[in-house]
Every structure is written in C-alpha cells, then in structure tokens.
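*Asks:* One file is attached below, structure37.csv, containing CSV, C-alpha atoms.
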chain,number,residue,atom,x,y,z
A,1,MET,CA,89.7,81.9,140.9
A,2,ILE,CA,87.9,83.6,143.8
A,3,THR,CA,84.2,83.0,144.6
A,4,VAL,CA,82.2,85.5,146.6
A,5,LEU,CA,79.3,84.2,148.6
A,6,HIS,CA,76.7,86.9,149.5
A,7,GLU,CA,73.1,86.4,150.6
A,8,GLN,CA,71.9,83.5,148.3
A,9,SER,CA,74.3,84.1,145.5
A,10,GLU,CA,77.6,82.6,144.6
A,11,THR,CA,79.7,84.7,142.2
A,12,VAL,CA,83.0,83.9,140.6
A,13,CYS,CA,85.0,87.2,140.5
A,14,ALA,CA,87.7,87.0,137.9
A,15,SER,CA,89.2,90.4,139.0
A,16,ALA,CA,89.4,89.4,142.7
A,17,ARG,CA,92.8,89.2,144.5
A,18,ALA,CA,93.1,87.9,148.1
A,19,ASP,CA,95.9,89.3,150.3
A,20,GLY,CA,95.7,87.7,153.8
A,21,ASP,CA,92.5,88.9,155.3
A,22,GLU,CA,92.0,91.5,152.6
A,23,LEU,CA,90.0,90.9,149.5
A,24,TRP,CA,90.4,93.3,146.6
A,25,ILE,CA,87.7,93.2,143.8
A,26,GLY,CA,87.1,95.2,140.6
A,27,ALA,CA,84.2,97.5,141.1
A,28,GLN,CA,82.1,95.7,138.4
A,29,ASP,CA,82.6,92.3,140.0
A,30,LEU,CA,81.8,93.6,143.5
A,31,ALA,CA,78.5,95.1,142.1
A,32,ALA,CA,77.7,91.8,140.4
A,33,ALA,CA,78.5,89.8,143.6
A,34,THR,CA,76.8,92.0,146.2
A,35,GLY,CA,74.8,94.8,144.6
A,36,TRP,CA,77.1,97.4,146.1
A,37,SER,CA,78.5,99.7,143.4
A,38,MET,CA,80.9,102.6,143.3
A,39,LYS,CA,79.4,106.1,142.9
A,40,PRO,CA,80.8,109.6,143.4
A,41,GLU,CA,79.2,109.5,146.9
A,42,GLY,CA,81.0,106.3,147.9
A,43,LEU,CA,80.0,102.6,147.8
A,44,CYS,CA,76.2,102.5,147.4
A,45,ARG,CA,73.3,100.1,147.4
A,46,GLY,CA,69.8,101.4,147.1
A,47,ASP,CA,69.6,104.6,149.2
A,48,ALA,CA,72.6,103.6,151.4
A,49,CYS,CA,76.0,105.0,150.6
A,50,LEU,CA,79.3,104.5,152.5
A,51,PRO,CA,81.7,107.4,151.8
A,52,VAL,CA,85.3,106.5,151.2
A,53,PRO,CA,87.4,108.0,154.1
A,54,ARG,CA,89.4,110.8,152.3
A,55,GLU,CA,92.6,110.5,154.4
A,56,ARG,CA,92.8,106.7,153.9
A,57,ALA,CA,91.3,106.4,150.5
A,58,GLU,CA,94.2,104.2,149.3
A,59,ASP,CA,93.2,101.6,151.9
A,60,TYR,CA,89.8,101.3,150.1
A,61,ILE,CA,90.5,102.0,146.4
A,62,LYS,CA,93.5,101.4,144.2
A,63,GLY,CA,92.7,102.3,140.6
A,64,ASP,CA,89.8,100.1,139.6
A,65,MET,CA,90.2,97.8,142.6
A,66,LEU,CA,88.1,98.1,145.8
A,67,ASN,CA,89.0,96.6,149.1
A,68,ALA,CA,85.8,94.7,149.7
A,69,THR,CA,86.8,93.6,153.2
A,70,ALA,CA,87.6,97.1,154.3
A,71,PHE,CA,84.2,98.3,153.2
A,72,TRP,CA,82.5,95.3,154.7
A,73,ARG,CA,84.2,95.9,158.1
A,74,ARG,CA,83.1,99.5,158.0
A,75,LEU,CA,79.5,98.4,157.4
A,76,GLN,CA,80.0,96.0,160.3
A,77,HIS,CA,79.0,93.0,158.1
A,78,PRO,CA,80.6,89.7,158.9
A,79,ILE,CA,83.3,88.2,156.7
A,80,ALA,CA,84.6,84.6,156.6
A,81,HIS,CA,87.1,83.1,154.1
A,82,ASP,CA,88.8,79.8,153.6
A,83,ALA,CA,92.5,79.1,154.2
A,84,ALA,CA,93.3,79.2,150.5
A,85,GLY,CA,91.6,82.6,150.1
A,86,GLU,CA,89.4,81.2,147.3
A,87,LEU,CA,86.0,81.4,149.0
A,88,TRP,CA,84.9,84.6,150.7
A,89,VAL,CA,81.6,85.1,152.5
A,90,LEU,CA,80.6,88.8,152.5
A,91,GLY,CA,77.8,88.4,155.0
A,92,THR,CA,75.0,90.6,156.3
A,93,SER,CA,75.1,92.3,159.7
A,94,ALA,CA,72.9,91.5,162.6
A,95,THR,CA,71.8,95.1,162.6
A,96,ASP,CA,70.5,94.7,159.0
A,97,ARG,CA,68.8,91.4,159.8
A,98,ALA,CA,67.3,92.8,163.0
A,99,SER,CA,65.9,95.9,161.4
A,100,ALA,CA,64.4,93.9,158.6
A,101,LEU,CA,62.6,91.6,161.1
A,102,ALA,CA,61.5,94.6,163.3
A,103,SER,CA,59.8,96.1,160.2
A,104,LEU,CA,57.6,93.0,160.4
A,105,GLU,CA,57.7,92.7,156.6
A,106,ALA,CA,58.5,89.0,156.2
A,107,PRO,CA,61.9,88.8,154.6
A,108,ASP,CA,61.6,87.3,151.1
A,109,PHE,CA,63.8,84.5,149.8
A,110,ALA,CA,64.1,82.3,146.7
A,111,LEU,CA,64.7,78.6,147.2
A,112,PRO,CA,64.5,75.5,145.1
A,113,ASP,CA,61.9,72.7,145.5
A,114,LEU,CA,62.9,69.0,144.9
A,115,ALA,CA,62.2,69.4,141.2
A,116,GLY,CA,64.7,72.3,141.1
A,117,ALA,CA,62.1,75.0,140.5
A,118,THR,CA,62.8,78.2,142.3
A,119,ARG,CA,60.0,79.4,144.6
A,120,THR,CA,59.7,82.6,146.5
A,121,LEU,CA,57.8,83.7,149.6
A,122,ALA,CA,56.6,86.8,147.7
A,123,GLU,CA,54.7,84.6,145.2
A,124,GLN,CA,52.4,83.7,148.1
A,125,ARG,CA,51.4,87.3,148.6
A,126,GLY,CA,47.6,87.5,149.1
A,127,LYS,CA,47.5,84.3,151.1
A,128,LYS,CA,48.1,83.7,154.7
A,129,VAL,CA,51.3,81.7,155.0
A,130,LEU,CA,52.5,79.3,157.7
A,131,LEU,CA,56.3,79.3,157.1
A,132,ALA,CA,57.7,76.3,158.9
A,133,THR,CA,61.1,74.7,159.0
A,134,TRP,CA,62.0,71.0,159.4
A,135,ALA,CA,65.0,68.7,158.8
A,136,SER,CA,65.7,65.0,158.3
A,137,TRP,CA,68.3,65.0,161.0
B,1,MET,CA,52.8,67.1,159.9
B,2,TRP,CA,51.4,69.9,157.8
B,3,GLN,CA,49.7,68.2,154.9
B,4,SER,CA,46.3,67.7,156.5
B,5,LEU,CA,46.3,71.3,157.9
B,6,HIS,CA,47.2,72.6,154.4
B,7,ALA,CA,44.5,70.4,152.7
B,8,SER,CA,41.8,71.4,155.1
B,9,LEU,CA,42.5,75.2,154.9
B,10,GLN,CA,43.8,75.8,151.4
B,11,GLU,CA,40.3,77.0,150.2
B,12,ARG,CA,40.6,79.6,152.9
B,13,ASN,CA,43.4,81.6,151.2
B,14,PHE,CA,46.0,79.8,153.2
B,15,THR,CA,49.1,77.9,152.4
B,16,VAL,CA,51.8,76.1,154.2
B,17,VAL,CA,55.4,76.7,153.0
B,18,THR,CA,58.0,74.4,154.4
B,19,VAL,CA,61.7,74.9,154.3
B,20,ALA,CA,64.1,72.0,154.9
B,21,MET,CA,67.3,73.0,156.7
B,22,ASP,CA,68.9,70.2,155.0
B,23,GLU,CA,70.9,68.6,152.2
B,24,PRO,CA,68.5,68.0,149.2
B,25,GLU,CA,69.2,64.2,149.1
B,26,ALA,CA,68.5,63.9,152.8
B,27,ALA,CA,65.3,65.8,152.6
B,28,ARG,CA,64.1,64.0,149.4
B,29,PRO,CA,62.7,60.7,150.8
B,30,TRP,CA,60.7,62.5,153.5
B,31,ILE,CA,59.1,64.8,151.0
B,32,GLU,CA,58.3,62.0,148.6
B,33,LEU,CA,56.7,60.1,151.5
B,34,ALA,CA,54.6,63.0,152.7
B,35,LYS,CA,53.4,63.8,149.1
B,36,PRO,CA,52.7,67.4,150.1
B,37,THR,CA,50.6,69.7,147.9
B,38,TYR,CA,52.2,72.9,149.4
B,39,PRO,CA,55.6,74.2,148.5
B,40,CYS,CA,58.5,72.3,150.1
B,41,LEU,CA,61.7,74.1,149.7
B,42,ILE,CA,65.3,73.1,150.3
B,43,ASP,CA,67.6,75.5,152.1
B,44,ARG,CA,71.0,73.9,152.3
B,45,ASN,CA,72.7,77.1,153.5
B,46,HIS,CA,70.0,77.7,156.2
B,47,HIS,CA,69.4,81.1,154.7
B,48,VAL,CA,65.8,81.3,156.1
B,49,ALA,CA,67.2,80.5,159.6
B,50,GLU,CA,69.5,83.5,159.2
B,51,LEU,CA,66.8,85.8,157.8
B,52,TYR,CA,64.3,84.8,160.5
B,53,ASN,CA,66.8,84.2,163.3
B,54,MET,CA,65.5,80.6,163.8
B,55,VAL,CA,67.5,78.2,165.9
B,56,ASN,CA,65.8,74.8,165.7
B,57,VAL,CA,63.2,72.7,163.8
B,58,PRO,CA,60.3,72.9,163.7
B,59,GLN,CA,60.0,76.6,164.0
B,60,ALA,CA,57.4,78.7,162.2
B,61,THR,CA,56.2,82.2,161.6
B,62,TRP,CA,52.7,83.4,160.6
B,63,ILE,CA,52.6,85.8,157.6
B,64,ASP,CA,49.4,87.5,156.6
B,65,GLU,CA,48.0,88.3,153.2
B,66,LEU,CA,50.1,91.5,153.0
B,67,GLY,CA,53.3,89.7,153.8
B,68,ARG,CA,53.5,91.0,157.4
B,69,ILE,CA,54.6,88.8,160.3
B,70,VAL,CA,51.7,88.3,162.8
B,71,ARG,CA,53.4,85.7,164.9
B,72,PRO,CA,57.2,85.9,165.0
B,73,PRO,CA,59.3,82.8,164.5
B,74,GLU,CA,58.9,80.3,167.4
B,75,ASN,CA,58.7,76.6,168.2
B,76,ALA,CA,55.9,75.2,166.0
B,77,GLY,CA,54.1,72.9,168.3
B,78,SER,CA,56.9,70.7,169.6
B,79,SER,CA,57.4,69.8,173.2
B,80,ASP,CA,60.4,68.7,175.2
B,81,ALA,CA,58.8,65.4,176.1
B,82,PHE,CA,61.4,63.6,174.0
B,83,ARG,CA,64.0,64.4,176.5
B,84,GLN,CA,62.6,61.8,178.9
B,85,MET,CA,62.4,59.0,176.3
B,86,ASP,CA,64.1,55.7,176.7
B,87,ARG,CA,67.3,56.6,174.9
B,88,THR,CA,68.6,53.1,174.3
B,89,ARG,CA,65.4,52.0,172.5
B,90,MET,CA,64.6,55.6,171.3
B,91,GLN,CA,61.1,55.1,172.6
B,92,MET,CA,58.7,57.5,174.3
B,93,SER,CA,56.3,56.4,177.0
B,94,PRO,CA,52.5,56.7,176.3
B,95,GLU,CA,52.4,59.7,178.6
B,96,GLN,CA,55.3,61.4,176.7
B,97,ILE,CA,53.6,60.6,173.4
B,98,ALA,CA,50.3,62.1,174.8
B,99,GLU,CA,52.1,65.3,175.8
B,100,ARG,CA,53.7,65.6,172.5
B,101,ASN,CA,50.4,65.2,170.7
B,102,ARG,CA,48.6,67.6,173.0
B,103,THR,CA,51.2,70.3,172.2
B,104,LYS,CA,50.9,69.7,168.5
B,105,GLN,CA,47.1,69.8,168.5
B,106,ILE,CA,47.0,73.1,170.5
B,107,TYR,CA,49.4,74.6,168.0
B,108,LEU,CA,47.5,73.4,164.9
B,109,ALA,CA,44.2,74.6,166.4
B,110,ALA,CA,45.7,78.0,166.9
B,111,VAL,CA,46.8,78.1,163.2
B,112,ARG,CA,43.3,77.1,162.2
B,113,ASP,CA,41.8,79.8,164.4
B,114,TRP,CA,44.0,82.4,162.7
B,115,VAL,CA,43.2,81.3,159.2
B,116,LEU,CA,39.5,81.4,159.9
B,117,LYS,CA,39.3,84.6,161.9
B,118,GLY,CA,42.3,86.7,160.7
B,119,THR,CA,43.2,89.7,162.9
B,120,ALA,CA,40.3,88.8,165.2
B,121,SER,CA,42.1,85.6,166.2
B,122,GLU,CA,43.6,85.8,169.7
B,123,PHE,CA,46.6,84.0,168.4
B,124,ALA,CA,47.6,86.7,165.8
B,125,TYR,CA,49.4,89.7,167.2
B,126,ASP,CA,49.2,93.3,166.2
B,127,ALA,CA,52.5,95.0,165.3
B,128,GLY,CA,53.3,95.9,168.9
B,129,GLY,CA,52.7,92.3,170.1
B,130,SER,CA,54.7,90.9,167.3
B,131,ARG,CA,57.7,93.2,167.8
B,132,ALA,CA,57.6,92.5,171.6
B,133,ARG,CA,58.0,88.8,170.9
B,134,LEU,CA,60.7,89.0,168.1
B,135,ARG,CA,64.0,87.5,169.0
B,136,LEU,CA,66.7,89.5,167.2
B,137,PRO,CA,70.2,88.3,166.2
B,138,ASP,CA,73.4,89.8,167.6
B,139,ALA,CA,76.8,90.2,165.9
B,140,ALA,CA,78.0,86.7,166.9
B,141,VAL,CA,74.9,85.2,165.3
B,142,ALA,CA,75.6,87.0,162.0
B,143,ARG,CA,79.2,85.8,162.1
B,144,ALA,CA,78.1,82.3,162.9
B,145,HIS,CA,76.0,82.3,159.7
B,146,ALA,CA,78.9,83.5,157.7
B,147,HIS,CA,81.0,80.6,158.9
B,148,PHE,CA,78.2,78.1,158.3
B,149,ARG,CA,77.8,79.3,154.8
B,150,LEU,CA,81.5,78.9,154.2
B,151,ALA,CA,81.4,75.5,155.8
B,152,GLN,CA,78.6,74.2,153.5
B,153,THR,CA,80.4,75.5,150.5
B,154,LEU,CA,83.7,73.9,151.6
B,155,LEU,CA,81.8,70.6,152.1
B,156,SER,CA,80.3,70.7,148.6
B,157,ARG,CA,83.9,71.1,147.3
B,158,GLY,CA,85.1,68.1,149.3
B,159,LYS,CA,87.1,70.0,151.9
B,160,ARG,CA,85.7,68.2,154.9
B,161,GLU,CA,88.3,69.1,157.4
B,162,GLU,CA,88.2,72.8,156.8
B,163,ALA,CA,84.4,72.6,156.7
B,164,ALA,CA,84.4,71.0,160.1
B,165,MET,CA,86.5,73.8,161.5
B,166,ASN,CA,84.0,76.4,160.2
B,167,PHE,CA,81.0,74.4,161.5
B,168,ALA,CA,82.6,74.3,164.9
B,169,GLU,CA,83.3,78.0,164.8
B,170,ALA,CA,79.6,78.7,163.8
B,171,SER,CA,78.4,76.6,166.7
B,172,ARG,CA,80.8,78.3,169.1
B,173,LEU,CA,79.6,81.7,168.0
B,174,HIS,CA,75.9,80.7,168.1
B,175,PRO,CA,75.5,78.0,170.7
B,176,ASP,CA,71.7,78.4,170.8
B,177,SER,CA,71.4,77.1,167.3
B,178,TRP,CA,70.5,73.4,167.1
B,179,THR,CA,70.0,73.8,163.4
B,180,ILE,CA,73.7,74.6,162.8
B,181,TRP,CA,74.9,72.0,165.3
B,182,ARG,CA,72.8,69.1,164.1
B,183,GLN,CA,73.4,69.8,160.4
B,184,ALA,CA,77.1,69.4,161.0
B,185,ALA,CA,76.9,66.6,163.6
B,186,ALA,CA,77.5,63.0,162.9
B,187,LYS,CA,74.4,61.1,161.7
B,188,ASP,CA,73.4,57.5,162.4
B,189,ALA,CA,72.2,55.0,159.8
B,190,THR,CA,68.8,56.6,159.7
B,191,GLY,CA,70.2,60.1,159.1
B,192,LEU,CA,69.5,61.3,162.7
B,193,ALA,CA,72.0,63.3,164.6
B,194,ALA,CA,70.8,61.7,167.8
B,195,GLY,CA,73.9,59.9,169.1
B,196,PRO,CA,75.7,60.3,172.5
B,197,GLU,CA,77.0,63.8,171.5
B,198,PHE,CA,73.5,65.0,170.8
B,199,TRP,CA,72.2,63.7,174.2
B,200,ALA,CA,75.1,65.2,176.0
B,201,ARG,CA,74.4,68.6,174.4
B,202,VAL,CA,70.7,68.3,175.3
B,203,ASP,CA,71.5,67.3,178.9
B,204,SER,CA,73.9,70.3,179.2
B,205,LEU,CA,70.8,72.5,178.7
B,206,GLY,CA,69.8,71.6,182.3
B,207,ASP,CA,66.6,73.5,183.1
B,208,ARG,CA,66.7,75.3,179.8
B,209,PRO,CA,64.4,74.2,177.0
B,210,TYR,CA,65.4,72.5,173.8
B,211,HIS,CA,62.1,73.7,172.2
B,212,ARG,CA,61.6,77.1,173.7
B,213,PRO,CA,58.0,77.2,175.2
B,214,ILE,CA,55.7,79.6,173.4
B,215,ASP,CA,53.1,82.1,174.5
B,216,MET,CA,49.9,80.2,173.6
B,217,LYS,CA,47.0,79.4,175.8
B,218,GLY,CA,47.5,75.8,177.1
B,219,LEU,CA,51.2,75.8,176.2
B,220,GLY,CA,54.5,77.0,177.4
B,221,THR,CA,54.5,80.2,179.4
B,222,ASP,CA,50.8,80.1,179.9
B,223,GLY,CA,50.6,76.4,180.4
Please express what this file holds, its structure, as structure tokens.
*Replies:*
Amino acid sequence: MITVLHEQSETVCASARADGDELWIGAQDLAAATGWSMKPEGLCRGDACLPVPRERAEDYIKGDMLNATAFWRRLQHPIAHDAAGELWVLGTSATDRASALASLEAPDFALPDLAGATRTLAEQRGKKVLLATWASW
Amino acid sequence: MWQSLHASLQERNFTVVTVAMDEPEAARPWIELAKPTYPCLIDRNHHVAELYNMVNVPQATWIDELGRIVRPPENAGSSDAFRQMDRTRMQMSPEQIAERNRTKQIYLAAVRDWVLKGTASEFAYDAGGSRARLRLPDAAVARAHAHFRLAQTLLSRGKREEAAMNFAEASRLHPDSWTIWRQAAAKDATGLAAGPEFWARVDSLGDRPYHRPIDMKGLGTDG
C-alpha cells in the first residue's frame, strides 16, 4: 500500500501504483492526499489550475488514473520516494514557500503539544506572537 | 528561556509559541522541566522550519495581532561564544558566558519593547523592512525538506539505513541547515549532537557564523 506525504498530512492511497520514478494515483485519492483535484480546466487547487498538455495527455491521464509525479514536476514541486516505492513525498516548491513568506502573512500550521492536542498558529490571532524554535539536541 | 518573558507579558496581549524541532520523547523532559504556560508544540518533520525557512535553533519570528510578520525568522538571541568553549569539559569561560547572556538580554529587551510599543518599537519592521530581511528558500532547500520528510517517515518505520541516506541527501542539498544535520546526527548520552563530527562541522564554517548575527542595536551587524 502506498502512502503519500504532503504538507503535514500522510495519506494511504489504495489506488496508487508506483512505476519507477512515476506515481499514478486515482483522482479521488490524489485530491484527498494533496487537495489538487481534476476539473475540465486541468488539475486545480483553489484558483490555480494546471492544464493537461493536449499532445501528451496520456503521459498525465490514463482513464481514472493521474500521473501525480508528472503533474508535480510541471508544478516544479519536489518529489522524494523510498526504494520500495511505498512512500512518496509530494512536496511544495521553493517558489510557493517564498511567495507565502514574502506576503508577510505568517504561514499557519497545526502541530501537537505533549498532551497530543493539536494547536495552530491561527488560534493566536489577536495577540502578538513570538514564534521560536528549539531542540533537545 | 521563554517562560519568564511570557509570564511578564501575557497580560499585554502577547504569547510565546515554541516549536520543538525534535522527536516527542526527546523534547518531553525539557518541556516538563520548564513547566511552560505557553503553547509548546512538537514538530518532528520540521514543517515550521520549511515554512519559515529556518536553519537552526533557536530562531524566532515576530508576528503581530493581525498575523503579519514584523520581524522575519532570525537567530533568537544566541551568540557564537560557545565555539570557543573548552570542548573536552564542555565548559565556557566566564567571559564567554557573559557574552552569551548579554546577547540574550538584548534580544529579550527588544521583544519586550515591541510588545509594549507595537509598531512604534524600533525593533518591529514595516512591510518593506521585513521583506528586505527575509531569507527565501531555493529549489535545493525545497528538495532537502522533501528528503528530510521521507527520512523521518522511514525512521519511524524502522528503516534506519534508508533513512540515513535520505538525511544525508537532505544535508547535502541544504548544507546551511543545522536543524536537519543535528536531528540526524549521532547523539551522546545526554541527547546532544555535540561530538567530534559536530565540532568538525562547526570548525569548517571558518569565519562564517553558526548563529547568524542579527540586525539589532548592540548585536550582530550593528554591534
């Protein structure tokens, strides 16, 4: 069974098939794992749509299956996978990270505390926040 | 480090939020000891480091009431004084300790100034000032984080060798990140990644800083 790692989520995709450096996923599973879904305009998330190149459509779509890695490369997002082809990181591009930072809107996140409760940065809205990192090492 | 700051300013519409770039069980004893009253979050995958392009600890960013960055991520009051410590005894001289404390106090005073004065604080930047000081990731950094994420997941599944390969690839792609390197590095009995490999990597910096100096009166580029 293939697991897709994207942003903070980890999603088991029953439909996914690995083929070397290519990862094919059913459209519904890809949407569940990444938020990118197939529409008439192409692969879309929010306002952003990536059209499917007409002349090479079969490299991107075969029936219900989408070549997630082909889309990811076109979006210039990083990809990493394990040797067994069971774990796939569909990452986020430096361009996207940089433009989020340059907007100066502090990127939100959800992380657990020691008790296991999920906390977000957004829940502190209305306060000044010193967001600081540390580590035991 | 942050509890007294948080306690003294929490009535002023301020909170500290800390994020441990760490394994939960490694972070736990430190958090239990500090008994913090602010949110202490655990970020095993270093997601916050990726979002904010952070490369070491402690780094911090200041976020105002509207969720806007008014000081971009930077070294949060640490100095490079430790590099001159007695490495066999892991001890710093009184002068080195004094320098470390001075740096920390200047940084904490700046946070206090911002919390009390808001945009009128000389330490909070306007949008142009913040953007000018942002350090933005490149494609190699983004790839490094993908390999780090893969490595942490492999590690949690017991695949240590393959994890190590991906940690190494992440460090190769993003050599400026101490966070990635130290998370993956061998730890001593106290949990510190401060063995010969660490010191060799620190020494290879030469004149370059471990904690990048920051633009703050009395510190770094001004000091």
*Asks:* Tell me as a tab-separated table (two decimals) with C-alpha atoms, keeping the file's coordinate frame which residues belonging to chain B come within 7 Å of chain A, counting only C-alpha atoms.
*Replies:*
chain	number	residue	atom	x	y	z
B	13	ASN	CA	43.40	81.60	151.20
B	14	PHE	CA	46.00	79.80	153.20
B	15	THR	CA	49.10	77.90	152.40
B	16	VAL	CA	51.80	76.10	154.20
B	17	VAL	CA	55.40	76.70	153.00
B	18	THR	CA	58.00	74.40	154.40
B	19	VAL	CA	61.70	74.90	154.30
B	20	ALA	CA	64.10	72.00	154.90
B	21	MET	CA	67.30	73.00	156.70
B	22	ASP	CA	68.90	70.20	155.00
B	26	ALA	CA	68.50	63.90	152.80
B	27	ALA	CA	65.30	65.80	152.60
B	28	ARG	CA	64.10	64.00	149.40
B	40	CYS	CA	58.50	72.30	150.10
B	41	LEU	CA	61.70	74.10	149.70
B	42	ILE	CA	65.30	73.10	150.30
B	43	ASP	CA	67.60	75.50	152.10
B	51	LEU	CA	66.80	85.80	157.80
B	57	VAL	CA	63.20	72.70	163.80
B	58	PRO	CA	60.30	72.90	163.70
B	59	GLN	CA	60.00	76.60	164.00
B	60	ALA	CA	57.40	78.70	162.20
B	61	THR	CA	56.20	82.20	161.60
B	62	TRP	CA	52.70	83.40	160.60
B	63	ILE	CA	52.60	85.80	157.60
B	64	ASP	CA	49.40	87.50	156.60
B	65	GLU	CA	48.00	88.30	153.20
B	66	LEU	CA	50.10	91.50	153.00
B	67	GLY	CA	53.30	89.70	153.80
B	68	ARG	CA	53.50	91.00	157.40
B	69	ILE	CA	54.60	88.80	160.30
B	131	ARG	CA	57.70	93.20	167.80
B	136	LEU	CA	66.70	89.50	167.20
B	137	PRO	CA	70.20	88.30	166.20
B	138	ASP	CA	73.40	89.80	167.60
B	139	ALA	CA	76.80	90.20	165.90
B	142	ALA	CA	75.60	87.00	162.00
B	143	ARG	CA	79.20	85.80	162.10
B	146	ALA	CA	78.90	83.50	157.70
B	147	HIS	CA	81.00	80.60	158.90
B	150	LEU	CA	81.50	78.90	154.20
B	182	ARG	CA	72.80	69.10	164.10
B	191	GLY	CA	70.20	60.10	159.10
B	192	LEU	CA	69.50	61.30	162.70
B	193	ALA	CA	72.00	63.30	164.60
*Asks:* So that I can check the surroundings of Leu75 (chain A), please list as a list in words every protein, DNA and RNA residue that reaches within 8 Å of it, counting only C-alpha atoms and ignoring chain neighbours fewer than 3 positions away.
*Replies:* Leu50, Phe71, Trp72 and Ser93 of chain A
*Asks:* Can you measure CA of Pro24 (chain B) to CA of Met1 (chain B) for me? One decimal in Å is fine.
*Replies:* 19.0 Å
*Asks:* Show me, as a ChimeraX atom specification, the residues that have an atom within 12 Å of Ala48 (chain A) when counting all atoms listed in the file, minus same-chain residues fewer than 4 positions from it.
*Replies:* /A:35-39,41-44,75,96
*Asks:* Separation of CA of Phe167 (chain B) and CA of Val141 (chain B), in Å?
*Replies:* 13.0 Å
